[in-house]
Number of protein chains: 2
Amino acid sequence: MFELDIRSRKPIYEQLVEKLKELIITEVLKTDEQLPSVRLLAQQLTINPNTIQKAYRELEVQGYIYSIKGKGSFVSPASDGFNTEKLLKVKKDIMKLVSEAMYLGVTADELITMIKEINLAIGGGIENDQN
Amino acid sequence: MFELDIRSRKPIYEQLVEKLKELIITEVLKTDEQLPSVRLLAQQLTINPNTIQKAYRELEVQGYIYSIKGKGSFVSPASDGFNTEKLLKVKKDIMKLVSEAMYLGVTADELITMIKEINLAIGGGIENDQN
DNA sequence: TAACTGTACTAGGTATGATAGTACACTATG
DNA sequence: CATAGTGTACTATCATACCTAGTACAGTTA
């Protein structure tokens, strides 16, 4: 399903958070789809279930999944649980990275092209693209 | 000069790297301008000089500064030392964050507006903006 | 020569991450 | 009701990374 970089300085649970978030955002995992159970995924990845649980917890706090005792963990609908605070943080991070990219020589046009390509890849250009 | 968040999970030297990088990118620190010495900054921030040195080392590895034994550390010219690998990494990070922003409901137009604003703030729109 | 600069090393303490183990609460099924 | 699944939470232990204090070497400048 995914591979963890044991040698990375990034904690294992954070790598998990990022991987699962990516699968949700690219809709490989769809709304209300069940995630593998904590114990199953732990077994598959040969890591401790508490480490999985820590990642699932973080995803739930960020609003990407929801969990039901006895049933499992599921992908949240995209409109749920995302607060303005998180949105502001993502925007702030984008601004920082965009500034760094421009400092490194990337042009605004190049970045705009990137955004359009991502937009097409994700939304099909139906709702957002009015240019 | 800047403030460190001692309570943050992020290591102090990493916060330093980010702050200094930001000052360089926004040209608060200009090319060939000397950075405070390792010992002076350590004294000002009440942290260990080795911690400063670690941050400076990382900035040098990434190509943002250069150091001369006995003289000091200085801001590198923007065209120096940035390899393609770092550029690719920044672009990849931007793609990831943009995808997440769109998943959270930010439109492509909104993101494009952000990029144009940053472009104006940084370059004055002289070299890059041909729209 | 003195005072600055960067750089590198050792040793010790602390915090974080991951693990192993255990246990509780809930759901679904037969 | 028992069983097998699910999530959740806790304790204890170990390894690693970070930061510190201290020390020392090499270079530059006045």
# chains A, B, ... in the order shown; residues from 1 in each chain; ligands from 1

call {"tool": "select_by_dssp", "arguments": {"residues": "chain B", "states": "alpha helix (DSSP H)", "output": "number ranges by chain"}}
result
B: 12-25, 38-45, 49-61, 84-103, 108-123

call {"tool": "interface_residues", "arguments": {"of": "chain D", "to": "chain B", "cutoff": "10 Å", "atoms": "only C-alpha atoms (C1' of nucleotides)", "output": "list in words"}}
result
DA17, DC18, DC19, DT20, DA21, DA26, DG27, DT28 and DT29 of chain D

call {"tool": "write_last_selection", "arguments": {"atoms": "N, CA, C and O atoms (P, O5', C5', C4', C3', O3' and C1' of nucleotides)", "output": "PDB file, in the first residue's frame"}}
result
ATOM      1  P    DA D  17      19.102   9.452  15.119  1.00  0.00           P
ATOM      2  O5'  DA D  17      18.598  10.901  15.569  1.00  0.00           O
ATOM      3  C5'  DA D  17      17.213  11.184  15.530  1.00  0.00           C
ATOM      4  C4'  DA D  17      16.933  12.475  16.259  1.00  0.00           C
ATOM      5  C3'  DA D  17      17.901  13.609  15.921  1.00  0.00           C
ATOM      6  O3'  DA D  17      17.143  14.786  15.712  1.00  0.00           O
ATOM      7  C1'  DA D  17      17.873  13.241  18.261  1.00  0.00           C
ATOM      8  P    DC D  18      17.871  16.090  15.240  1.00  0.00           P
ATOM      9  O5'  DC D  18      17.866  16.982  16.563  1.00  0.00           O
ATOM     10  C5'  DC D  18      16.645  17.161  17.265  1.00  0.00           C
ATOM     11  C4'  DC D  18      16.919  17.876  18.564  1.00  0.00           C
ATOM     12  C3'  DC D  18      17.855  19.069  18.427  1.00  0.00           C
ATOM     13  O3'  DC D  18      17.191  20.199  18.966  1.00  0.00           O
ATOM     14  C1'  DC D  18      18.548  17.646  20.192  1.00  0.00           C
ATOM     15  P    DC D  19      17.808  21.635  18.742  1.00  0.00           P
ATOM     16  O5'  DC D  19      18.597  21.886  20.099  1.00  0.00           O
ATOM     17  C5'  DC D  19      17.873  21.879  21.336  1.00  0.00           C
ATOM     18  C4'  DC D  19      18.856  21.900  22.482  1.00  0.00           C
ATOM     19  C3'  DC D  19      19.949  22.951  22.356  1.00  0.00           C
ATOM     20  O3'  DC D  19      19.732  23.954  23.335  1.00  0.00           O
ATOM     21  C1'  DC D  19      20.799  20.831  23.108  1.00  0.00           C
ATOM     22  P    DT D  20      20.718  25.177  23.471  1.00  0.00           P
ATOM     23  O5'  DT D  20      21.735  24.669  24.581  1.00  0.00           O
ATOM     24  C5'  DT D  20      21.241  24.248  25.849  1.00  0.00           C
ATOM     25  C4'  DT D  20      22.329  23.540  26.602  1.00  0.00           C
ATOM     26  C3'  DT D  20      23.618  24.337  26.767  1.00  0.00           C
ATOM     27  O3'  DT D  20      23.622  24.967  28.027  1.00  0.00           O
ATOM     28  C1'  DT D  20      24.032  22.018  26.268  1.00  0.00           C
ATOM     29  P    DA D  21      24.654  26.102  28.329  1.00  0.00           P
ATOM     30  O5'  DA D  21      25.965  25.299  28.756  1.00  0.00           O
ATOM     31  C5'  DA D  21      25.897  24.369  29.830  1.00  0.00           C
ATOM     32  C4'  DA D  21      27.259  23.703  29.999  1.00  0.00           C
ATOM     33  C3'  DA D  21      28.437  24.659  29.974  1.00  0.00           C
ATOM     34  O3'  DA D  21      29.265  24.417  31.102  1.00  0.00           O
ATOM     35  C1'  DA D  21      28.770  22.919  28.382  1.00  0.00           C
ATOM     36  P    DA D  26      45.714  23.294  14.172  1.00  0.00           P
ATOM     37  O5'  DA D  26      44.920  24.283  13.197  1.00  0.00           O
ATOM     38  C5'  DA D  26      43.953  23.757  12.293  1.00  0.00           C
ATOM     39  C4'  DA D  26      43.291  24.908  11.554  1.00  0.00           C
ATOM     40  C3'  DA D  26      44.282  25.938  10.992  1.00  0.00           C
ATOM     41  O3'  DA D  26      43.929  26.230   9.653  1.00  0.00           O
ATOM     42  C1'  DA D  26      42.648  27.010  12.317  1.00  0.00           C
ATOM     43  P    DG D  27      44.903  27.090   8.760  1.00  0.00           P
ATOM     44  O5'  DG D  27      44.137  28.503   8.679  1.00  0.00           O
ATOM     45  C5'  DG D  27      42.899  28.587   7.997  1.00  0.00           C
ATOM     46  C4'  DG D  27      42.271  29.939   8.280  1.00  0.00           C
ATOM     47  C3'  DG D  27      43.134  31.141   7.921  1.00  0.00           C
ATOM     48  O3'  DG D  27      42.527  31.846   6.856  1.00  0.00           O
ATOM     49  C1'  DG D  27      42.089  31.403  10.052  1.00  0.00           C
ATOM     50  P    DT D  28      43.227  33.072   6.191  1.00  0.00           P
ATOM     51  O5'  DT D  28      42.597  34.300   6.996  1.00  0.00           O
ATOM     52  C5'  DT D  28      41.181  34.494   6.990  1.00  0.00           C
ATOM     53  C4'  DT D  28      40.843  35.768   7.735  1.00  0.00           C
ATOM     54  C3'  DT D  28      41.656  36.988   7.302  1.00  0.00           C
ATOM     55  O3'  DT D  28      40.762  38.044   7.044  1.00  0.00           O
ATOM     56  C1'  DT D  28      41.738  36.724   9.658  1.00  0.00           C
ATOM     57  P    DT D  29      41.250  39.340   6.299  1.00  0.00           P
ATOM     58  O5'  DT D  29      41.360  40.384   7.504  1.00  0.00           O
ATOM     59  C5'  DT D  29      40.270  40.535   8.389  1.00  0.00           C
ATOM     60  C4'  DT D  29      40.669  41.400   9.570  1.00  0.00           C
ATOM     61  C3'  DT D  29      41.582  42.574   9.221  1.00  0.00           C
ATOM     62  O3'  DT D  29      41.025  43.755   9.771  1.00  0.00           O
ATOM     63  C1'  DT D  29      42.461  41.365  11.033  1.00  0.00           C
TER      64       DT D  29
END

call {"tool": "closest_atom_pairs", "arguments": {"of": "chain A", "to": "chain B", "cutoff": "6 Å", "atoms": "only C-alpha atoms", "output": "tab-separated table"}}
result
residue	atom	partner	partner_atom	distance
A:Ile25	CA	B:Tyr103	CA	6.0
A:Tyr103	CA	B:Ile25	CA	5.9
A:Thr107	CA	B:Asn128	CA	5.9
A:Ile112	CA	B:Ile112	CA	5.9
A:Asn128	CA	B:Thr107	CA	5.9

call {"tool": "calpha_fit_and_write", "arguments": {"fixed": "chain B", "moving": "chain A", "output": "tab-separated table (two decimals) with N, CA and C atoms, in the first residue's frame"}}
result
chain	number	residue	atom	x	y	z
A	1	MET	N	15.96	40.23	16.80
A	1	MET	CA	16.08	39.84	15.38
A	1	MET	C	15.03	38.83	15.01
A	2	PHE	N	14.99	37.77	15.77
A	2	PHE	CA	13.88	36.85	15.60
A	2	PHE	C	13.64	36.10	16.89
A	3	GLU	N	12.47	35.47	16.94
A	3	GLU	CA	12.15	34.79	18.18
A	3	GLU	C	12.00	33.30	17.91
A	4	LEU	N	12.49	32.54	18.84
A	4	LEU	CA	12.40	31.11	18.74
A	4	LEU	C	11.28	30.62	19.64
A	5	ASP	N	10.62	29.56	19.20
A	5	ASP	CA	9.56	28.97	19.99
A	5	ASP	C	10.15	27.76	20.70
A	6	ILE	N	10.57	28.00	21.95
A	6	ILE	CA	11.24	26.94	22.69
A	6	ILE	C	10.31	25.76	22.89
A	7	ARG	N	9.02	26.04	22.98
A	7	ARG	CA	8.07	24.97	23.26
A	7	ARG	C	7.68	24.19	22.02
A	8	SER	N	8.14	24.65	20.87
A	8	SER	CA	7.76	23.98	19.64
A	8	SER	C	8.43	22.61	19.56
A	9	ARG	N	7.77	21.72	18.84
A	9	ARG	CA	8.39	20.43	18.60
A	9	ARG	C	9.48	20.52	17.56
A	10	LYS	N	9.43	21.60	16.81
A	10	LYS	CA	10.45	21.77	15.79
A	10	LYS	C	11.77	22.15	16.45
A	11	PRO	N	12.85	21.46	16.05
A	11	PRO	CA	14.14	21.75	16.69
A	11	PRO	C	14.54	23.20	16.50
A	12	ILE	N	15.28	23.71	17.48
A	12	ILE	CA	15.67	25.12	17.46
A	12	ILE	C	16.49	25.44	16.22
A	13	TYR	N	17.39	24.52	15.86
A	13	TYR	CA	18.23	24.83	14.71
A	13	TYR	C	17.42	24.89	13.43
A	14	GLU	N	16.33	24.13	13.36
A	14	GLU	CA	15.50	24.17	12.16
A	14	GLU	C	14.71	25.47	12.10
A	15	GLN	N	14.26	25.95	13.25
A	15	GLN	CA	13.57	27.25	13.28
A	15	GLN	C	14.52	28.34	12.78
A	16	LEU	N	15.77	28.26	13.21
A	16	LEU	CA	16.78	29.23	12.78
A	16	LEU	C	16.97	29.19	11.28
A	17	VAL	N	17.09	27.97	10.76
A	17	VAL	CA	17.27	27.81	9.31
A	17	VAL	C	16.12	28.51	8.58
A	18	GLU	N	14.91	28.28	9.03
A	18	GLU	CA	13.73	28.85	8.35
A	18	GLU	C	13.70	30.36	8.45
A	19	LYS	N	14.01	30.88	9.63
A	19	LYS	CA	13.97	32.33	9.82
A	19	LYS	C	14.99	33.01	8.93
A	20	LEU	N	16.21	32.50	8.95
A	20	LEU	CA	17.27	33.12	8.17
A	20	LEU	C	16.98	32.99	6.69
A	21	LYS	N	16.46	31.85	6.27
A	21	LYS	CA	16.12	31.66	4.88
A	21	LYS	C	15.07	32.70	4.45
A	22	GLU	N	14.11	32.92	5.32
A	22	GLU	CA	13.07	33.90	5.01
A	22	GLU	C	13.65	35.30	4.87
A	23	LEU	N	14.57	35.65	5.76
A	23	LEU	CA	15.20	36.97	5.68
A	23	LEU	C	16.01	37.13	4.41
A	24	ILE	N	16.63	36.04	3.96
A	24	ILE	CA	17.42	36.08	2.73
A	24	ILE	C	16.50	36.20	1.52
A	25	ILE	N	15.43	35.39	1.51
A	25	ILE	CA	14.52	35.37	0.37
A	25	ILE	C	13.81	36.71	0.21
A	26	THR	N	13.42	37.32	1.33
A	26	THR	CA	12.72	38.62	1.24
A	26	THR	C	13.72	39.77	1.16
A	27	GLU	N	15.00	39.43	1.07
A	27	GLU	CA	16.07	40.42	0.89
A	27	GLU	C	16.18	41.40	2.03
A	28	VAL	N	15.71	41.00	3.19
A	28	VAL	CA	16.07	41.74	4.40
A	28	VAL	C	17.57	41.59	4.61
A	29	LEU	N	18.08	40.40	4.40
A	29	LEU	CA	19.51	40.16	4.33
A	29	LEU	C	19.89	40.09	2.86
A	30	LYS	N	20.86	40.92	2.48
A	30	LYS	CA	21.20	41.03	1.06
A	30	LYS	C	22.47	40.26	0.73
A	31	THR	N	22.65	40.08	-0.58
A	31	THR	CA	23.81	39.32	-1.05
A	31	THR	C	25.10	39.88	-0.45
A	32	ASP	N	25.94	38.95	0.01
A	32	ASP	CA	27.25	39.26	0.60
A	32	ASP	C	27.18	39.99	1.94
A	33	GLU	N	25.94	40.19	2.46
A	33	GLU	CA	25.84	40.78	3.78
A	33	GLU	C	26.29	39.76	4.81
A	34	GLN	N	27.01	40.24	5.83
A	34	GLN	CA	27.51	39.32	6.84
A	34	GLN	C	26.43	38.98	7.85
A	35	LEU	N	26.36	37.70	8.20
A	35	LEU	CA	25.46	37.26	9.26
A	35	LEU	C	26.13	37.49	10.61
A	36	PRO	N	25.33	37.56	11.67
A	36	PRO	CA	25.94	37.65	13.00
A	36	PRO	C	26.81	36.41	13.25
A	37	SER	N	27.87	36.61	13.99
A	37	SER	CA	28.76	35.47	14.23
A	37	SER	C	28.05	34.44	15.09
A	38	VAL	N	28.58	33.25	15.01
A	38	VAL	CA	27.99	32.12	15.73
A	38	VAL	C	27.91	32.43	17.23
A	39	ARG	N	29.00	32.99	17.75
A	39	ARG	CA	29.02	33.26	19.20
A	39	ARG	C	28.10	34.40	19.55
A	40	LEU	N	28.06	35.43	18.73
A	40	LEU	CA	27.22	36.60	19.05
A	40	LEU	C	25.75	36.22	19.04
A	41	LEU	N	25.34	35.52	18.00
A	41	LEU	CA	23.94	35.13	17.89
A	41	LEU	C	23.55	34.18	19.01
A	42	ALA	N	24.49	33.30	19.35
A	42	ALA	CA	24.22	32.38	20.47
A	42	ALA	C	23.96	33.16	21.75
A	43	GLN	N	24.75	34.18	21.94
A	43	GLN	CA	24.61	35.01	23.13
A	43	GLN	C	23.27	35.74	23.11
A	44	GLN	N	22.95	36.30	21.95
A	44	GLN	CA	21.70	37.06	21.83
A	44	GLN	C	20.49	36.17	22.07
A	45	LEU	N	20.53	34.97	21.56
A	45	LEU	CA	19.36	34.08	21.66
A	45	LEU	C	19.42	33.19	22.90
A	46	THR	N	20.50	33.30	23.64
A	46	THR	CA	20.69	32.46	24.83
A	46	THR	C	20.60	30.98	24.48
A	47	ILE	N	21.26	30.61	23.40
A	47	ILE	CA	21.38	29.20	23.09
A	47	ILE	C	22.83	28.89	22.76
A	48	ASN	N	23.11	27.62	22.53
A	48	ASN	CA	24.50	27.19	22.40
A	48	ASN	C	25.06	27.51	21.02
A	49	PRO	N	26.30	27.96	20.95
A	49	PRO	CA	26.89	28.28	19.64
A	49	PRO	C	26.88	27.09	18.69
A	50	ASN	N	26.97	25.89	19.22
A	50	ASN	CA	26.93	24.73	18.33
A	50	ASN	C	25.58	24.61	17.63
A	51	THR	N	24.54	25.04	18.31
A	51	THR	CA	23.21	25.02	17.70
A	51	THR	C	23.14	26.01	16.53
A	52	ILE	N	23.71	27.20	16.74
A	52	ILE	CA	23.80	28.18	15.65
A	52	ILE	C	24.61	27.61	14.50
A	53	GLN	N	25.73	27.02	14.84
A	53	GLN	CA	26.63	26.49	13.81
A	53	GLN	C	25.93	25.41	12.99
A	54	LYS	N	25.09	24.64	13.66
A	54	LYS	CA	24.35	23.59	12.94
A	54	LYS	C	23.39	24.22	11.94
A	55	ALA	N	22.74	25.30	12.34
A	55	ALA	CA	21.83	25.99	11.42
A	55	ALA	C	22.60	26.61	10.27
A	56	TYR	N	23.72	27.27	10.58
A	56	TYR	CA	24.53	27.90	9.53
A	56	TYR	C	25.03	26.85	8.55
A	57	ARG	N	25.40	25.69	9.09
A	57	ARG	CA	25.91	24.61	8.26
A	57	ARG	C	24.84	24.17	7.27
A	58	GLU	N	23.63	24.02	7.78
A	58	GLU	CA	22.52	23.58	6.93
A	58	GLU	C	22.23	24.60	5.84
A	59	LEU	N	22.27	25.89	6.20
A	59	LEU	CA	22.05	26.95	5.21
A	59	LEU	C	23.14	26.93	4.15
A	60	GLU	N	24.35	26.60	4.57
A	60	GLU	CA	25.45	26.56	3.61
A	60	GLU	C	25.28	25.39	2.66
A	61	VAL	N	24.89	24.24	3.22
A	61	VAL	CA	24.65	23.06	2.40
A	61	VAL	C	23.56	23.35	1.37
A	62	GLN	N	22.52	24.08	1.79
A	62	GLN	CA	21.42	24.39	0.86
A	62	GLN	C	21.77	25.51	-0.10
A	63	GLY	N	22.92	26.17	0.12
A	63	GLY	CA	23.37	27.16	-0.85
A	63	GLY	C	22.97	28.59	-0.54
A	64	TYR	N	22.43	28.84	0.63
A	64	TYR	CA	21.95	30.20	0.95
A	64	TYR	C	23.07	31.10	1.49
A	65	ILE	N	24.04	30.51	2.15
A	65	ILE	CA	25.13	31.33	2.69
A	65	ILE	C	26.46	30.66	2.36
A	66	TYR	N	27.53	31.43	2.56
A	66	TYR	CA	28.86	30.86	2.49
A	66	TYR	C	29.65	31.35	3.69
A	67	SER	N	30.61	30.57	4.12
A	67	SER	CA	31.37	30.88	5.32
A	67	SER	C	32.86	30.87	5.02
A	68	ILE	N	33.55	31.78	5.68
A	68	ILE	CA	35.00	31.84	5.56
A	68	ILE	C	35.60	31.84	6.96
A	69	LYS	N	36.43	30.84	7.21
A	69	LYS	CA	37.08	30.74	8.50
A	69	LYS	C	37.81	32.04	8.81
A	70	GLY	N	37.56	32.55	10.01
A	70	GLY	CA	38.29	33.74	10.42
A	70	GLY	C	37.62	35.04	10.02
A	71	LYS	N	36.67	34.95	9.06
A	71	LYS	CA	36.01	36.18	8.60
A	71	LYS	C	34.54	36.20	8.97
A	72	GLY	N	33.83	35.14	8.67
A	72	GLY	CA	32.42	35.12	9.04
A	72	GLY	C	31.58	34.36	8.03
A	73	SER	N	30.27	34.53	8.15
A	73	SER	CA	29.32	33.89	7.24
A	73	SER	C	28.56	34.98	6.49
A	74	PHE	N	28.31	34.75	5.21
A	74	PHE	CA	27.72	35.77	4.37
A	74	PHE	C	26.60	35.18	3.51
A	75	VAL	N	25.72	36.07	3.04
A	75	VAL	CA	24.62	35.64	2.18
A	75	VAL	C	25.18	35.36	0.79
A	76	SER	N	24.85	34.20	0.24
A	76	SER	CA	25.29	33.86	-1.11
A	76	SER	C	24.52	34.66	-2.14
A	77	PRO	N	25.14	34.94	-3.29
A	77	PRO	CA	24.36	35.45	-4.43
A	77	PRO	C	23.29	34.42	-4.78
A	78	ALA	N	22.14	34.87	-5.23
A	78	ALA	CA	21.00	33.98	-5.44
A	78	ALA	C	21.26	32.95	-6.53
A	79	SER	N	22.16	33.25	-7.43
A	79	SER	CA	22.38	32.33	-8.55
A	79	SER	C	23.31	31.19	-8.18
A	80	ASP	N	23.91	31.30	-6.99
A	80	ASP	CA	24.92	30.30	-6.63
A	80	ASP	C	24.30	29.06	-6.01
A	81	GLY	N	24.94	27.99	-6.20
A	81	GLY	CA	24.82	26.80	-5.38
A	81	GLY	C	23.47	26.13	-5.29
A	82	PHE	N	22.47	26.63	-5.99
A	82	PHE	CA	21.20	25.93	-5.89
A	82	PHE	C	21.15	24.84	-6.94
A	83	ASN	N	21.07	23.63	-6.48
A	83	ASN	CA	21.08	22.55	-7.45
A	83	ASN	C	19.65	22.20	-7.87
A	84	THR	N	19.58	21.43	-8.94
A	84	THR	CA	18.28	21.07	-9.48
A	84	THR	C	17.50	20.24	-8.49
A	85	GLU	N	18.24	19.51	-7.68
A	85	GLU	CA	17.60	18.62	-6.72
A	85	GLU	C	16.74	19.40	-5.73
A	86	LYS	N	17.28	20.51	-5.26
A	86	LYS	CA	16.54	21.31	-4.29
A	86	LYS	C	15.33	21.94	-4.94
A	87	LEU	N	15.52	22.40	-6.16
A	87	LEU	CA	14.42	23.02	-6.91
A	87	LEU	C	13.27	22.03	-7.08
A	88	LEU	N	13.63	20.80	-7.44
A	88	LEU	CA	12.62	19.76	-7.62
A	88	LEU	C	11.87	19.50	-6.32
A	89	LYS	N	12.61	19.50	-5.21
A	89	LYS	CA	11.98	19.25	-3.92
A	89	LYS	C	10.98	20.35	-3.58
A	90	VAL	N	11.38	21.61	-3.83
A	90	VAL	CA	10.48	22.73	-3.52
A	90	VAL	C	9.23	22.64	-4.39
A	91	LYS	N	9.42	22.31	-5.66
A	91	LYS	CA	8.26	22.19	-6.55
A	91	LYS	C	7.34	21.07	-6.10
A	92	LYS	N	7.94	19.98	-5.69
A	92	LYS	CA	7.16	18.83	-5.23
A	92	LYS	C	6.34	19.22	-4.00
A	93	ASP	N	6.98	19.94	-3.09
A	93	ASP	CA	6.28	20.38	-1.88
A	93	ASP	C	5.15	21.33	-2.22
A	94	ILE	N	5.38	22.20	-3.19
A	94	ILE	CA	4.32	23.14	-3.61
A	94	ILE	C	3.14	22.36	-4.17
A	95	MET	N	3.44	21.37	-5.02
A	95	MET	CA	2.35	20.57	-5.61
A	95	MET	C	1.52	19.91	-4.53
A	96	LYS	N	2.20	19.39	-3.52
A	96	LYS	CA	1.50	18.71	-2.45
A	96	LYS	C	0.61	19.68	-1.68
A	97	LEU	N	1.14	20.84	-1.39
A	97	LEU	CA	0.37	21.82	-0.63
A	97	LEU	C	-0.78	22.38	-1.44
A	98	VAL	N	-0.54	22.59	-2.73
A	98	VAL	CA	-1.59	23.12	-3.60
A	98	VAL	C	-2.73	22.11	-3.68
A	99	SER	N	-2.39	20.82	-3.83
A	99	SER	CA	-3.43	19.79	-3.84
A	99	SER	C	-4.23	19.81	-2.55
A	100	GLU	N	-3.53	19.97	-1.45
A	100	GLU	CA	-4.23	19.99	-0.16
A	100	GLU	C	-5.12	21.22	-0.06
A	101	ALA	N	-4.62	22.36	-0.52
A	101	ALA	CA	-5.42	23.59	-0.47
A	101	ALA	C	-6.68	23.43	-1.31
A	102	MET	N	-6.55	22.85	-2.49
A	102	MET	CA	-7.73	22.66	-3.35
A	102	MET	C	-8.71	21.70	-2.70
A	103	TYR	N	-8.17	20.67	-2.09
A	103	TYR	CA	-9.04	19.73	-1.37
A	103	TYR	C	-9.81	20.44	-0.27
A	104	LEU	N	-9.19	21.44	0.31
A	104	LEU	CA	-9.83	22.19	1.39
A	104	LEU	C	-10.76	23.28	0.87
A	105	GLY	N	-10.87	23.39	-0.47
A	105	GLY	CA	-11.83	24.34	-1.01
A	105	GLY	C	-11.23	25.58	-1.62
A	106	VAL	N	-9.94	25.71	-1.61
A	106	VAL	CA	-9.33	26.89	-2.24
A	106	VAL	C	-9.37	26.69	-3.75
A	107	THR	N	-9.78	27.72	-4.47
A	107	THR	CA	-9.87	27.59	-5.93
A	107	THR	C	-8.53	27.88	-6.60
A	108	ALA	N	-8.40	27.41	-7.83
A	108	ALA	CA	-7.19	27.66	-8.59
A	108	ALA	C	-7.00	29.16	-8.80
A	109	ASP	N	-8.10	29.86	-9.05
A	109	ASP	CA	-8.01	31.31	-9.25
A	109	ASP	C	-7.45	32.00	-8.01
A	110	GLU	N	-7.91	31.55	-6.85
A	110	GLU	CA	-7.43	32.15	-5.61
A	110	GLU	C	-5.94	31.93	-5.45
A	111	LEU	N	-5.48	30.73	-5.79
A	111	LEU	CA	-4.06	30.43	-5.67
A	111	LEU	C	-3.25	31.23	-6.68
A	112	ILE	N	-3.79	31.38	-7.88
A	112	ILE	CA	-3.10	32.16	-8.91
A	112	ILE	C	-2.97	33.61	-8.47
A	113	THR	N	-4.04	34.13	-7.86
A	113	THR	CA	-3.98	35.50	-7.35
A	113	THR	C	-2.89	35.63	-6.29
A	114	MET	N	-2.80	34.63	-5.41
A	114	MET	CA	-1.75	34.65	-4.39
A	114	MET	C	-0.37	34.73	-5.03
A	115	ILE	N	-0.15	33.92	-6.06
A	115	ILE	CA	1.16	33.91	-6.72
A	115	ILE	C	1.46	35.25	-7.34
A	116	LYS	N	0.46	35.86	-7.95
A	116	LYS	CA	0.68	37.17	-8.58
A	116	LYS	C	1.02	38.23	-7.54
A	117	GLU	N	0.35	38.13	-6.39
A	117	GLU	CA	0.64	39.10	-5.33
A	117	GLU	C	2.05	38.93	-4.80
A	118	ILE	N	2.47	37.68	-4.62
A	118	ILE	CA	3.83	37.44	-4.15
A	118	ILE	C	4.82	37.94	-5.19
A	119	ASN	N	4.50	37.70	-6.46
A	119	ASN	CA	5.38	38.12	-7.54
A	119	ASN	C	5.58	39.63	-7.52
A	120	LEU	N	4.49	40.34	-7.32
A	120	LEU	CA	4.58	41.80	-7.25
A	120	LEU	C	5.39	42.23	-6.03
A	121	ALA	N	5.16	41.57	-4.94
A	121	ALA	CA	5.84	41.96	-3.70
A	121	ALA	C	7.34	41.72	-3.81
A	122	ILE	N	7.72	40.69	-4.57
A	122	ILE	CA	9.14	40.34	-4.62
A	122	ILE	C	9.83	41.03	-5.78
A	123	GLY	N	9.32	40.75	-7.01
A	123	GLY	CA	10.08	41.16	-8.18
A	123	GLY	C	9.63	42.47	-8.79
A	124	GLY	N	8.54	43.03	-8.28
A	124	GLY	CA	8.06	44.27	-8.86
A	124	GLY	C	7.43	44.08	-10.22
A	125	GLY	N	7.30	42.80	-10.61
A	125	GLY	CA	6.58	42.52	-11.83
A	125	GLY	C	7.34	42.87	-13.09
A	126	ILE	N	8.61	43.13	-12.96
A	126	ILE	CA	9.34	43.61	-14.12
A	126	ILE	C	9.78	42.48	-15.04
A	127	GLU	N	10.35	41.44	-14.41
A	127	GLU	CA	10.98	40.43	-15.26
A	127	GLU	C	10.04	39.29	-15.60
A	128	ASN	N	9.17	38.97	-14.63
A	128	ASN	CA	8.44	37.73	-14.79
A	128	ASN	C	7.02	37.91	-15.30
A	129	ASP	N	6.47	39.09	-15.04
A	129	ASP	CA	5.06	39.24	-15.29
A	129	ASP	C	4.81	39.71	-16.72
A	130	GLN	N	4.39	38.82	-17.54
A	130	GLN	CA	4.09	39.19	-18.93
A	130	GLN	C	2.64	38.93	-19.29
A	131	ASN	N	1.86	38.65	-18.27
A	131	ASN	CA	0.45	38.36	-18.59
A	131	ASN	C	-0.32	39.62	-19.00

call {"tool": "interface_residues", "arguments": {"of": "chain C", "to": "chain A", "cutoff": "12 Å", "atoms": "only C-alpha atoms (C1' of nucleotides)", "output": "list in words"}}
result
DT16, DG17, DA18, DT19, DA20, DG21, DC24, DA25, DC26, DT27 and DA28 of chain C

call {"tool": "atom_distance", "arguments": {"atom1": "atom C1' of DA2 of chain D", "atom2": "atom C1' of DG30 of chain C"}}
result
9.2 Å

call {"tool": "select_by_dssp", "arguments": {"residues": "chain B", "states": "strand (DSSP E)", "output": "PyMOL selection string"}}
result
chain B and resi 65-68+72-75

call {"tool": "write_last_selection", "arguments": {"atoms": "N, CA and C atoms", "output": "PDB file, in the first residue's frame"}}
result
ATOM      1  N   ILE B  65      24.042  30.467   2.140  1.00  0.00           N
ATOM      2  CA  ILE B  65      25.134  31.285   2.690  1.00  0.00           C
ATOM      3  C   ILE B  65      26.459  30.612   2.367  1.00  0.00           C
ATOM      4  N   TYR B  66      27.529  31.389   2.571  1.00  0.00           N
ATOM      5  CA  TYR B  66      28.867  30.801   2.486  1.00  0.00           C
ATOM      6  C   TYR B  66      29.656  31.310   3.687  1.00  0.00           C
ATOM      7  N   SER B  67      30.631  30.526   4.092  1.00  0.00           N
ATOM      8  CA  SER B  67      31.383  30.854   5.297  1.00  0.00           C
ATOM      9  C   SER B  67      32.866  30.843   5.006  1.00  0.00           C
ATOM     10  N   ILE B  68      33.569  31.747   5.679  1.00  0.00           N
ATOM     11  CA  ILE B  68      35.011  31.803   5.556  1.00  0.00           C
ATOM     12  C   ILE B  68      35.599  31.800   6.958  1.00  0.00           C
ATOM     13  N   GLY B  72      33.835  35.117   8.635  1.00  0.00           N
ATOM     14  CA  GLY B  72      32.429  35.106   9.009  1.00  0.00           C
ATOM     15  C   GLY B  72      31.591  34.351   8.010  1.00  0.00           C
ATOM     16  N   SER B  73      30.261  34.507   8.130  1.00  0.00           N
ATOM     17  CA  SER B  73      29.326  33.877   7.214  1.00  0.00           C
ATOM     18  C   SER B  73      28.557  34.959   6.468  1.00  0.00           C
ATOM     19  N   PHE B  74      28.316  34.715   5.173  1.00  0.00           N
ATOM     20  CA  PHE B  74      27.717  35.744   4.318  1.00  0.00           C
ATOM     21  C   PHE B  74      26.593  35.144   3.475  1.00  0.00           C
ATOM     22  N   VAL B  75      25.725  36.018   3.002  1.00  0.00           N
ATOM     23  CA  VAL B  75      24.630  35.582   2.135  1.00  0.00           C
ATOM     24  C   VAL B  75      25.179  35.295   0.745  1.00  0.00           C
TER      25      VAL B  75
END
